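> First the structure, which I've put down as structure tokens, then a few questions once you've had a look.
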Protein chains: 2
Amino acid sequence: MAASVESHLARILTTGERLAAAGRRPDETVALADALDRVLASDVTALAPVPPFTNSAMDGFAVRAADLAPDDGSPVTLPVTGDVAAGREPDPLAPGTAQRIMTGAPLPQVADAIVPVEDTDHSPGPGPAPDRVRIDRRPEPGAFVRAAGEDVAVGDPVLRAGDRLGAAHLAAAASVGHSRLPVRPRPRVLTVSTGDELVAGGERPTGASVPDSNSVLLGALVTTAGGEATHVRCRDDVGAFRRLLDQNLDDVDLVITAGGVSAGAFEVVRQALEGTGVAFGPVTMQPGKPQGFGTLRAPDGHEVAVASLPGNPVSVFVSFHVLVAPLLAQLAGTRIETRTFEVTVRRGWSSPPGRTQFAPVVVSREEVAGDGLVGGLSAGFGGSLVAEPAHPHGAKSHFAASLARANALAIVPAERTEAKVGDLLEARAV
Amino acid sequence: MAASVESHLARILTTGERLAAAGRRPDETVALADALDRVLASDVTALAPVPPFTNSAMDGFAVRAADLAPDDGSPVTLPVTGDVAAGREPDPLAPGTAQRIMTGAPLPQVADAIVPVEDTDHSPGPGPAPDRVRIDRRPEPGAFVRAAGEDVAVGDPVLRAGDRLGAAHLAAAASVGHSRLPVRPRPRVLTVSTGDELVAGGERPTGASVPDSNSVLLGALVTTAGGEATHVRCRDDVGAFRRLLDQNLDDVDLVITAGGVSAGAFEVVRQALEGTGVAFGPVTMQPGKPQGFGTLRAPDGHEVAVASLPGNPVSVFVSFHVLVAPLLAQLAGTRIETRTFEVTVRRGWSSPPGRTQFAPVVVSREEVAGDGLVGGLSAGFGGSLVAEPAHPHGAKSHFAASLARANALAIVPAERTEAKVGDLLEARAV
């Protein structure tokens, strides 16, 4: 009985949730510069406020609003008793005076408003502060003043455990006083490609041998997803495969195998693992129909997830994105965010009945005459996203060399047998 | 006279194109495992065909179609003289016989068709080959045979110079016989944050000092964009700033400065560089209005691009994505692909008249009841993408700590003064 993609994925995620909770290794603490792309281990709150002190939002003059009579349209002239640049602590404002002040510089004590330089007789730009300034427009109390902690108060939540840390996360942490962050350990992944025919990727194949492109593919996919990949290649020998697992399971959180899972006479992964905690069977997806998933107990007692994918490189690619990447996110301690978007089919292809197809496609923005796109900037609307199959002949699953062109997987529902020109499909970026 | 974003970007890209052509350093050659995310330096063609030899597309039996009379509905039984697994070179097929064969295994010479195991009296799955096989459905010549080079012939183009290498690119290179690839050197970027108020990111600020979050932000943005960042911090001292450039320009392709470019009394970057090859002036964008761009001549004679951004972290973030990332892509030797998509405004905000606004927003998929999303899989259509401002109070530009939530910049055209609920806007992922 074939499983639907949804039910197979749900089973994987249930297991992943359990393993992520059970098998958590100690967190690490790393400097901000080393935290890029890592997963935050705990919530981060502000150690320091933003802004760190009350400051000016404009280049201008700091005044006390009460020193100036209500605005009757007539200008007021005040003596200028100070010049406050960023980074300097100013003297308190003497009543009835002004201090020149730059954007971001600390507001002098007593002062409670900023008069922008444009509302005075002083010229903006480089040059000494004047002795006196004429104020043409009187400010309300608080005008152009940024209060300490206005954006973030000490103790405010800033980042959430599970965030995958990008540039803006790291800058936010720095701005609230952090120099190091606690991060989760990267999931350790053993990738295994199987087959007597495989030779190391890049070796020139001879006779009946085939370059092992899956080791390269899985290694890069795991790295991109935030895992640490170790690769081994295994011949079609059940004993050798079992020994290989015994030797490596202690050191990993997840095993991904490629090949040896379908219904042939020599299916090493299936023959070695059937009857253990790993179950094999068809999933109604294309490519990637034969699948295995479950867990194994390592010699040291910890439970290791095992995802057994078919060996065809396009099946590996699709199975990884649809089934393994969400699991890897769980094991990494981060959230799963698979955003889909809508595409219009520009060149059609066929899809097998009864299977959800994940077709590698090239998605591009439909060009609309005269929309003035410069480097992706568009003031108008540049038409919808259109998809065409990554391989010129259609969505066959063994066309590894065409996969590099694909930037998305278009999803053809199981009840449809083709993607016709003009059809709307969901797609997900890869 | 303020420049539009389009014209400012066009000027940057014209310079970038010139520098990328003039200043090219030698390419490197790296192993596939080290080539992830690097930029391919030359076109890659196939050294080996895909498939590397003619093979079977199914588990079944290899036969010579001419040995079998035209199909009259009656079965034919043949002796089985071999068992071909993947990785083994088979003996030639004796006329009037069959050989069992597995998916991907080499087709024996003389054989020209495959009978799938389902069309015989033999059971699929593990077990020895039979002595004889009954063929229930006779194949056409070529049935289920994959010819050597059917997907990719030797010499076929596989990857293009300028591709940024992802997992599928590396797997494609491996599958056509490459173990190493020529890649372009990463652009070397000096990032400079300026201001007497800055202290190292993560140091607890005291008095009038502010954590230098821009060094962290720019370092991570440059790394993510494929560059190599070196960071220096400079106080508000024109002489110190010039000396710093003199000491570093020989070693870099691009300088990005943050701060010191607007119209205040102490604008170190502007005062140090105005009148050189770097021009300063307003660009009609929000945030990021004050901008500087141009080139400087390093002591060793090579020309270095200089992008001078305002110092506010949100301005740095937006300016980097809109103006610097395309330049960095040029210097890296890759193509610029800024894909935009359409979002519907779910919570509105205001935008300054006459400036194109790039508002940091959180884009999510509108939830539609009962569409059965599991981990982003959807067989139906899950509604449109909706955007809301990343900061609860709107699109102000100094709310650094909220930037981490943003996953896109929504673009509000210059002629509009607000993004109203229900408006359609272009957005770009960040």
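Lettering and numbering for the structure tokens are positional, with chains as A, B, ... in the shown order, residues counted from 1 in each chain, and ligands counted from 1 in the shown order.
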If DSSP is run on the backbone, what residues of range 133-266 of chain A are helix (DSSP H, G or I)? A reply as a PyMOL selection string would be ideal.

chain A and resi 167-175+213-224+238-251

> Save out the residues we just selected, C-alpha atoms, as a PDB file, in the first residue's frame.


```pdb
ATOM      1  CA  ALA A 167      23.254  39.212   8.943  1.00  0.00           C
ATOM      2  CA  ALA A 168      20.369  41.171  10.479  1.00  0.00           C
ATOM      3  CA  HIS A 169      20.118  38.780  13.447  1.00  0.00           C
ATOM      4  CA  LEU A 170      23.810  39.193  14.223  1.00  0.00           C
ATOM      5  CA  ALA A 171      23.613  42.973  13.918  1.00  0.00           C
ATOM      6  CA  ALA A 172      20.596  43.011  16.227  1.00  0.00           C
ATOM      7  CA  ALA A 173      22.482  40.968  18.818  1.00  0.00           C
ATOM      8  CA  ALA A 174      25.439  43.363  18.595  1.00  0.00           C
ATOM      9  CA  SER A 175      23.204  46.402  18.931  1.00  0.00           C
ATOM     10  CA  SER A 213      27.686  12.109  -8.175  1.00  0.00           C
ATOM     11  CA  ASN A 214      25.353  11.434  -5.227  1.00  0.00           C
ATOM     12  CA  SER A 215      28.176  11.814  -2.717  1.00  0.00           C
ATOM     13  CA  VAL A 216      28.852  15.293  -4.087  1.00  0.00           C
ATOM     14  CA  LEU A 217      25.143  16.114  -4.281  1.00  0.00           C
ATOM     15  CA  LEU A 218      24.255  14.960  -0.760  1.00  0.00           C
ATOM     16  CA  GLY A 219      27.353  16.529   0.765  1.00  0.00           C
ATOM     17  CA  ALA A 220      26.493  19.926  -0.677  1.00  0.00           C
ATOM     18  CA  LEU A 221      22.770  19.638   0.142  1.00  0.00           C
ATOM     19  CA  VAL A 222      23.522  18.754   3.769  1.00  0.00           C
ATOM     20  CA  THR A 223      26.064  21.578   4.084  1.00  0.00           C
ATOM     21  CA  THR A 224      23.629  24.094   2.635  1.00  0.00           C
ATOM     22  CA  VAL A 238      24.736  -6.504   2.807  1.00  0.00           C
ATOM     23  CA  GLY A 239      27.450  -7.476   5.306  1.00  0.00           C
ATOM     24  CA  ALA A 240      29.696  -4.583   4.296  1.00  0.00           C
ATOM     25  CA  PHE A 241      26.761  -2.169   4.549  1.00  0.00           C
ATOM     26  CA  ARG A 242      25.873  -3.359   8.059  1.00  0.00           C
ATOM     27  CA  ARG A 243      29.493  -3.130   9.240  1.00  0.00           C
ATOM     28  CA  LEU A 244      29.739   0.357   7.830  1.00  0.00           C
ATOM     29  CA  LEU A 245      26.702   1.463   9.839  1.00  0.00           C
ATOM     30  CA  ASP A 246      28.018  -0.189  13.011  1.00  0.00           C
ATOM     31  CA  GLN A 247      31.277   1.700  12.652  1.00  0.00           C
ATOM     32  CA  ASN A 248      29.635   5.084  12.117  1.00  0.00           C
ATOM     33  CA  LEU A 249      26.302   5.265  13.945  1.00  0.00           C
ATOM     34  CA  ASP A 250      27.801   6.414  17.258  1.00  0.00           C
ATOM     35  CA  ASP A 251      28.980   9.635  15.636  1.00  0.00           C
TER      36      ASP A 251
END
```

> Could you write out as a VMD selection string the residues of chain A within 6 Å of chain B, counting only C-alpha atoms?

chain A and resid 59 86 to 89 125 to 126 167 to 169 171 to 172 174 to 175 177 to 179 196 to 197 201 to 202 204 208 to 209 211 213 216 to 217 220 to 221 263 to 265 338 376 379 400 to 401 403 to 404 413

> Using only C-alpha atoms for the distances, tell me which of A:Arg64, A:Arg184, A:His8, A:Arg146 is nearest to Ala41 in chain A.

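Among A:Arg64, A:Arg184, A:His8, A:Arg146, it is A:Arg184 that comes nearest to Ala41 in chain A.
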
> Would you compute the distance between CA of Val76 in chain B and CA of Pro108 in chain B? Give it in Å to one decimal.

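These atoms are spaced 20.2 Å apart.
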
> Neighbours of Gly260 in chain A within 7 Å (only C-alpha atoms; same-chain residues fewer than 5 positions away dropped), as number ranges by chain?

A: 194, 267-270, 310-311

> DSSP on the backbone, then: every residue of range 134-274 of chain B marked strand (DSSP E), written as a VMD selection string.

chain B and resid 134 to 135 145 to 146 157 to 159 180 to 183 188 to 194 198 to 200 210 to 212 228 to 234 254 to 258

> Based on the selection just made, write N, CA and C atoms of those residues as a compact mmCIF listing (two decimals), in the first residue's frame.


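See selection26.txt below for the written result:
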```
# COMPACT_ATOMS: atom_id res chain seq x y z
N ARG B 134 9.63 -17.04 -19.01
CA ARG B 134 8.52 -16.95 -19.97
C ARG B 134 8.22 -15.47 -20.19
N ILE B 135 8.23 -15.07 -21.44
CA ILE B 135 8.01 -13.66 -21.79
C ILE B 135 6.58 -13.52 -22.29
N VAL B 145 15.72 0.68 -23.10
CA VAL B 145 17.17 0.77 -23.22
C VAL B 145 17.55 2.25 -23.16
N ARG B 146 18.50 2.56 -22.29
CA ARG B 146 19.03 3.93 -22.25
C ARG B 146 20.38 3.93 -22.93
N PRO B 157 27.78 21.20 -23.57
CA PRO B 157 27.88 22.17 -22.48
C PRO B 157 27.06 21.71 -21.28
N VAL B 158 27.63 21.86 -20.10
CA VAL B 158 26.94 21.41 -18.88
C VAL B 158 26.73 22.59 -17.92
N LEU B 159 27.77 23.36 -17.67
CA LEU B 159 27.66 24.52 -16.77
C LEU B 159 28.26 25.74 -17.46
N ARG B 180 37.48 18.50 -10.23
CA ARG B 180 37.87 19.83 -9.80
C ARG B 180 37.25 20.85 -10.76
N LEU B 181 37.06 22.05 -10.29
CA LEU B 181 36.48 23.08 -11.15
C LEU B 181 37.26 24.39 -10.99
N PRO B 182 37.35 25.14 -12.09
CA PRO B 182 37.97 26.47 -12.00
C PRO B 182 36.96 27.47 -11.45
N VAL B 183 37.35 28.20 -10.42
CA VAL B 183 36.43 29.18 -9.82
C VAL B 183 37.11 30.54 -9.76
N ARG B 188 37.47 40.84 -2.67
CA ARG B 188 37.98 41.24 -1.34
C ARG B 188 37.37 42.59 -0.99
N VAL B 189 36.72 42.63 0.13
CA VAL B 189 35.94 43.82 0.50
C VAL B 189 36.43 44.37 1.83
N LEU B 190 36.78 45.64 1.84
CA LEU B 190 37.08 46.33 3.09
C LEU B 190 35.81 47.03 3.55
N THR B 191 35.33 46.69 4.74
CA THR B 191 34.17 47.40 5.29
C THR B 191 34.66 48.33 6.38
N VAL B 192 34.18 49.55 6.33
CA VAL B 192 34.64 50.58 7.27
C VAL B 192 33.42 51.18 7.96
N SER B 193 33.36 51.07 9.27
CA SER B 193 32.32 51.83 9.98
C SER B 193 32.99 53.02 10.65
N THR B 194 32.34 54.16 10.57
CA THR B 194 32.94 55.41 11.06
C THR B 194 32.12 56.01 12.18
N LEU B 198 31.45 54.82 18.19
CA LEU B 198 31.37 53.37 18.04
C LEU B 198 32.34 52.62 18.94
N VAL B 199 31.84 51.56 19.56
CA VAL B 199 32.70 50.61 20.25
C VAL B 199 32.44 49.24 19.63
N ALA B 200 33.41 48.33 19.77
CA ALA B 200 33.31 47.02 19.13
C ALA B 200 31.97 46.37 19.45
N VAL B 210 28.14 53.71 21.31
CA VAL B 210 27.12 52.88 20.67
C VAL B 210 27.81 51.64 20.13
N PRO B 211 27.21 50.46 20.28
CA PRO B 211 27.85 49.26 19.73
C PRO B 211 27.92 49.36 18.20
N ASP B 212 29.05 48.99 17.64
CA ASP B 212 29.23 49.04 16.19
C ASP B 212 28.59 47.81 15.55
N GLU B 228 34.90 38.27 0.53
CA GLU B 228 35.75 38.09 1.72
C GLU B 228 35.87 39.44 2.40
N ALA B 229 35.33 39.56 3.60
CA ALA B 229 35.27 40.87 4.26
C ALA B 229 36.39 41.05 5.28
N THR B 230 36.98 42.22 5.26
CA THR B 230 37.89 42.65 6.32
C THR B 230 37.27 43.91 6.90
N HIS B 231 37.20 44.00 8.22
CA HIS B 231 36.54 45.16 8.79
C HIS B 231 37.51 46.04 9.56
N VAL B 232 37.36 47.35 9.39
CA VAL B 232 38.05 48.31 10.24
C VAL B 232 37.05 49.36 10.71
N ARG B 233 37.33 49.89 11.88
CA ARG B 233 36.50 50.94 12.45
C ARG B 233 37.35 52.20 12.44
N CYS B 234 36.74 53.35 12.14
CA CYS B 234 37.52 54.58 12.04
C CYS B 234 36.81 55.69 12.81
N LEU B 254 36.84 46.31 -3.36
CA LEU B 254 35.69 47.15 -3.04
C LEU B 254 35.81 47.63 -1.60
N VAL B 255 35.49 48.90 -1.39
CA VAL B 255 35.40 49.45 -0.04
C VAL B 255 33.94 49.81 0.19
N ILE B 256 33.38 49.36 1.31
CA ILE B 256 32.03 49.78 1.71
C ILE B 256 32.18 50.55 3.01
N THR B 257 31.77 51.82 3.02
CA THR B 257 31.79 52.58 4.26
C THR B 257 30.37 52.75 4.77
N ALA B 258 30.24 52.85 6.09
CA ALA B 258 28.94 53.10 6.71
C ALA B 258 29.06 54.33 7.59
```

> Figure out the distance between CA of Ser351 in chain A and CA of Ala419 in chain A, please, to one decimal in Å.

7.1 Å

> In Å, how far is it from CA of Pro79 in chain B to CA of Phe144 in chain B?

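Separating CA of Pro79 in chain B from CA of Phe144 in chain B is a distance of 20.5 Å.
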
> Can you pull out every residue within 12 Å of Asp67 in chain A, counting only C-alpha atoms, but drop anything in the same chain fewer than 2 positions away, and send it as number ranges by chain?

A: 62-65, 69-71, 76-78, 93-98, 110-113, 135, 138-141

> Thr284 in chain B: which residues within 9 Å, counting only C-alpha atoms, same-chain residues fewer than 3 positions away excluded, as a list in words?

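Once the nearby chain positions are removed, what remains is Ala2, Ala3, Ser4, Val5, Gly288, Lys289, Pro290, Gly354, Arg355, Thr356, Gln357 and Ala414 of chain B.
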